[in-house]
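See below for the structure under consideration.
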Amino acid sequence: MDAENKIVVSVREAVKLIRFNNPKKKNAIDKTMYRSVTDILNQTAVDNEISMVVLTGTDGFYSSGNNFSTSDMVDVNTLKDYVKAFIKFPKLLIAIVNGPAIGIAATTLALCDYVFASESAYFYTPFTKLYITAEGGSTLTFPKILGQRKAAEMLLFNHKMTAKEALKCGFVNRVYTSEELESKAWTKIMQFSQLPASSILVTKNLLRRNDYVDLLKTNEVEMEVLKSIINQRSSKL
């Protein structure tokens, strides 16, 4: 366990599981949790004993995204490093979305290689409603995955996308009932773990070669804009 037990890490064969474990705040991610996950991803990237990372949540929630508590505000550089760790992770990155995914928890799903979701899950990016701007590389990934219209509906107009709609749009790969999600997902994950790691690494690199630099640049730009918005709001207080 790490981040004051708010990030729980376990290993199953060659698979590392990272679990958001802040149930009192619907698994909202605070600055310590951000740094912990960033460090885990960066360290696992060069760990030859681990072939993939799986992300999930506890107590029926994947994550409610950024913790907006004034006592634990997250700085933009921490967010930027967190997203960068997702972008640069060279191995398989899989999410088991056991419930709602909000804000950065939703946007970083687009940086995963495979996403399982519960029927109870929904995906919500209420950035404009919160007077902030999109992050997680979503201004690049959402239009590519969802199409321009649906991406605008999500990022501009705060559309709450159901698991069924996410499957139809190609945002997730599989949707299961809450009762069967864990067993069905882990059956697939164990199958994935039997694939040749060297082939996975090379093929993933080929798949993302056209977007890799653009994703890193998008993360930089999004965070600069977000920082500017936050500074403007602070100056008016």
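In the structure tokens, the first chain shown is A, the next is B, and so on; residue numbers restart at 1 for each chain, and ligands run from 1 in the order shown.
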Residues within 12 Å of Asp113 (chain A), only C-alpha atoms, excluding chain neighbours under 6 positions, as a list in words: Met52, Val53, Val54, Leu55, Phe86, Ile87, Phe89, Pro90, Lys91, Leu92, Leu93, Ile94, Ala95, Ile96, Gly170, Phe171, Val172, Asn173, Ile189, Phe192, Ile200, Leu201, Thr203, Lys204, Asn205, Leu207 and Arg208 of chain A
DSSP alpha helix (DSSP H) residues within region 31-122 of chain A, listed as number ranges by chain: A: 31-44, 76-88, 104-107
Keeping only C-alpha atoms, write the selected residues to a file as a PDB file, in the first residue's frame.
ATOM      1  CA  LYS A  31      -1.590  15.183  -4.790  1.00  0.00           C
ATOM      2  CA  THR A  32       0.025  12.323  -2.845  1.00  0.00           C
ATOM      3  CA  MET A  33      -1.954   9.779  -4.865  1.00  0.00           C
ATOM      4  CA  TYR A  34      -0.991  11.490  -8.129  1.00  0.00           C
ATOM      5  CA  ARG A  35       2.687  11.337  -7.247  1.00  0.00           C
ATOM      6  CA  SER A  36       2.414   7.746  -6.092  1.00  0.00           C
ATOM      7  CA  VAL A  37       0.795   6.498  -9.316  1.00  0.00           C
ATOM      8  CA  THR A  38       3.249   8.539 -11.395  1.00  0.00           C
ATOM      9  CA  ASP A  39       6.191   6.928  -9.587  1.00  0.00           C
ATOM     10  CA  ILE A  40       4.694   3.434  -9.873  1.00  0.00           C
ATOM     11  CA  LEU A  41       4.163   3.768 -13.631  1.00  0.00           C
ATOM     12  CA  ASN A  42       7.633   5.200 -14.226  1.00  0.00           C
ATOM     13  CA  GLN A  43       9.298   2.487 -12.139  1.00  0.00           C
ATOM     14  CA  THR A  44       7.244  -0.317 -13.674  1.00  0.00           C
ATOM     15  CA  VAL A  76      -0.434  21.745 -12.485  1.00  0.00           C
ATOM     16  CA  ASN A  77       3.069  20.256 -12.710  1.00  0.00           C
ATOM     17  CA  THR A  78       1.928  17.256 -10.685  1.00  0.00           C
ATOM     18  CA  LEU A  79      -0.992  16.760 -13.072  1.00  0.00           C
ATOM     19  CA  LYS A  80       1.296  17.134 -16.075  1.00  0.00           C
ATOM     20  CA  ASP A  81       3.728  14.502 -14.762  1.00  0.00           C
ATOM     21  CA  TYR A  82       0.829  12.152 -14.025  1.00  0.00           C
ATOM     22  CA  VAL A  83      -0.531  12.358 -17.573  1.00  0.00           C
ATOM     23  CA  LYS A  84       2.970  12.097 -19.026  1.00  0.00           C
ATOM     24  CA  ALA A  85       3.501   8.823 -17.144  1.00  0.00           C
ATOM     25  CA  PHE A  86       0.411   7.403 -18.885  1.00  0.00           C
ATOM     26  CA  ILE A  87       1.553   8.618 -22.293  1.00  0.00           C
ATOM     27  CA  LYS A  88       5.094   7.281 -21.936  1.00  0.00           C
ATOM     28  CA  ILE A 104      -8.923  13.110 -15.241  1.00  0.00           C
ATOM     29  CA  ALA A 105     -10.031   9.580 -14.346  1.00  0.00           C
ATOM     30  CA  ALA A 106     -12.048   9.567 -17.568  1.00  0.00           C
ATOM     31  CA  THR A 107      -9.576  11.394 -19.810  1.00  0.00           C
TER      32      THR A 107
END
Residues within 8 Å of Ser178 (chain A), only C-alpha atoms, excluding chain neighbours under 4 positions, as a list in words: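 Near Ser178 (chain A), the qualifying residues are Asn98, Ser118, Glu119, Ser120 and Glu182 of chain A.
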For the residues in the current selection, export N, CA and C atoms as a PDB file, in the first residue's frame.
ATOM      1  N   ASN A  98     -14.804   0.037 -12.609  1.00  0.00           N
ATOM      2  CA  ASN A  98     -15.818  -0.609 -11.775  1.00  0.00           C
ATOM      3  C   ASN A  98     -16.957   0.314 -11.361  1.00  0.00           C
ATOM      4  N   SER A 118     -17.934  -1.636 -16.047  1.00  0.00           N
ATOM      5  CA  SER A 118     -19.165  -2.139 -15.463  1.00  0.00           C
ATOM      6  C   SER A 118     -20.356  -1.441 -16.110  1.00  0.00           C
ATOM      7  N   GLU A 119     -21.485  -2.121 -16.148  1.00  0.00           N
ATOM      8  CA  GLU A 119     -22.705  -1.486 -16.655  1.00  0.00           C
ATOM      9  C   GLU A 119     -23.082  -0.254 -15.833  1.00  0.00           C
ATOM     10  N   SER A 120     -22.626  -0.207 -14.590  1.00  0.00           N
ATOM     11  CA  SER A 120     -22.939   0.930 -13.717  1.00  0.00           C
ATOM     12  C   SER A 120     -22.007   2.116 -13.928  1.00  0.00           C
ATOM     13  N   GLU A 182     -15.145  -8.306 -12.503  1.00  0.00           N
ATOM     14  CA  GLU A 182     -13.812  -8.717 -12.053  1.00  0.00           C
ATOM     15  C   GLU A 182     -13.394 -10.039 -12.676  1.00  0.00           C
TER      16      GLU A 182
END
Selected residue of minimal separation from Val221 (chain A) among A:Leu140, A:Leu17, A:Ala152, A:Ile145, counting only C-alpha atoms: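 Closest to Val221 (chain A) of all the choices is A:Leu140.
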List every residue of region 147-194 of chain A that has an atom at most 10 Å from any atom of region 10-14 of chain A, giving for each one its closest atom pair and the distance in Å to one decimal, counting only C-alpha atoms, sorted by chain and then by ascending residue number, as a tab-separated table.
residue	atom	partner	partner_atom	distance
A:Met190	CA	A:Glu13	CA	9.0
A:Ser193	CA	A:Ala14	CA	7.2
A:Gln194	CA	A:Ala14	CA	9.6
Next, write the just-selected residues to a file, as a tab-separated table (two decimals), in the first residue's frame, keeping all heavy atoms as the atom set.
chain	number	residue	atom	x	y	z
A	190	MET	N	-5.41	-12.33	-17.92
A	190	MET	CA	-4.48	-13.46	-17.82
A	190	MET	C	-4.15	-14.02	-19.21
A	190	MET	O	-3.03	-14.48	-19.45
A	190	MET	CB	-5.07	-14.54	-16.92
A	190	MET	CG	-5.08	-14.19	-15.44
A	190	MET	SD	-3.41	-13.96	-14.75
A	190	MET	CE	-3.27	-12.17	-14.69
A	193	SER	N	-1.61	-11.73	-20.64
A	193	SER	CA	-0.30	-11.89	-20.00
A	193	SER	C	0.52	-13.02	-20.62
A	193	SER	O	1.73	-13.10	-20.42
A	193	SER	CB	-0.45	-12.11	-18.50
A	193	SER	OG	-0.98	-13.40	-18.23
A	194	GLN	N	-0.15	-13.91	-21.36
A	194	GLN	CA	0.55	-15.01	-22.01
A	194	GLN	C	1.13	-14.62	-23.36
A	194	GLN	O	1.91	-15.38	-23.96
A	194	GLN	CB	-0.40	-16.21	-22.19
A	194	GLN	CG	-0.98	-16.74	-20.88
A	194	GLN	CD	0.08	-17.13	-19.88
A	194	GLN	OE1	1.01	-17.87	-20.21
A	194	GLN	NE2	-0.05	-16.63	-18.65
DSSP strand (DSSP E) residues within region 1-227 of chain A, as JSON, numbers by chain: {"A": [7, 8, 9, 10, 11, 12, 15, 16, 17, 18, 19, 20, 52, 53, 54, 55, 56, 57, 92, 93, 94, 95, 96, 97, 101, 102, 114, 115, 116, 117, 118, 122, 123, 124, 160, 161, 162, 174, 175, 176]}
Next, dump the selected residues to file, keeping only C-alpha atoms, as a CSV table (one decimal), in the first residue's frame.
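Result written to again.csv:
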chain,number,residue,atom,x,y,z
A,7,ILE,CA,-3.2,3.7,-3.5
A,8,VAL,CA,-3.2,-0.1,-3.1
A,9,VAL,CA,-0.6,-2.0,-5.2
A,10,SER,CA,-0.5,-5.8,-5.7
A,11,VAL,CA,1.1,-8.1,-8.1
A,12,ARG,CA,-0.5,-11.2,-9.8
A,15,VAL,CA,0.6,-8.1,-13.7
A,16,LYS,CA,0.7,-5.1,-11.4
A,17,LEU,CA,-2.6,-3.9,-10.1
A,18,ILE,CA,-3.0,-0.2,-9.0
A,19,ARG,CA,-6.2,0.4,-7.0
A,20,PHE,CA,-7.6,3.9,-6.2
A,52,MET,CA,1.4,-4.8,-17.7
A,53,VAL,CA,-0.4,-2.5,-15.3
A,54,VAL,CA,-4.1,-2.7,-14.4
A,55,LEU,CA,-5.9,0.3,-12.9
A,56,THR,CA,-9.2,0.0,-11.0
A,57,GLY,CA,-11.1,1.5,-8.0
A,92,LEU,CA,0.2,-2.7,-21.6
A,93,LEU,CA,-2.0,-0.4,-19.6
A,94,ILE,CA,-5.4,-1.7,-18.8
A,95,ALA,CA,-8.3,-0.3,-16.9
A,96,ILE,CA,-11.2,-2.1,-15.1
A,97,VAL,CA,-13.7,0.7,-14.6
A,101,ALA,CA,-15.0,7.8,-14.0
A,102,ILE,CA,-14.9,11.6,-13.8
A,114,TYR,CA,-7.8,-1.8,-23.2
A,115,VAL,CA,-10.7,-0.7,-21.0
A,116,PHE,CA,-13.2,-3.0,-19.3
A,117,ALA,CA,-16.3,-1.3,-17.8
A,118,SER,CA,-19.2,-2.1,-15.5
A,122,TYR,CA,-20.4,6.4,-16.6
A,123,PHE,CA,-17.8,8.8,-18.0
A,124,TYR,CA,-18.1,12.5,-17.2
A,160,LYS,CA,-22.4,12.1,-19.1
A,161,MET,CA,-21.7,9.1,-21.2
A,162,THR,CA,-23.1,5.7,-20.1
A,174,ARG,CA,-16.0,-4.6,-23.0
A,175,VAL,CA,-19.0,-4.0,-20.7
A,176,TYR,CA,-20.0,-6.5,-18.0
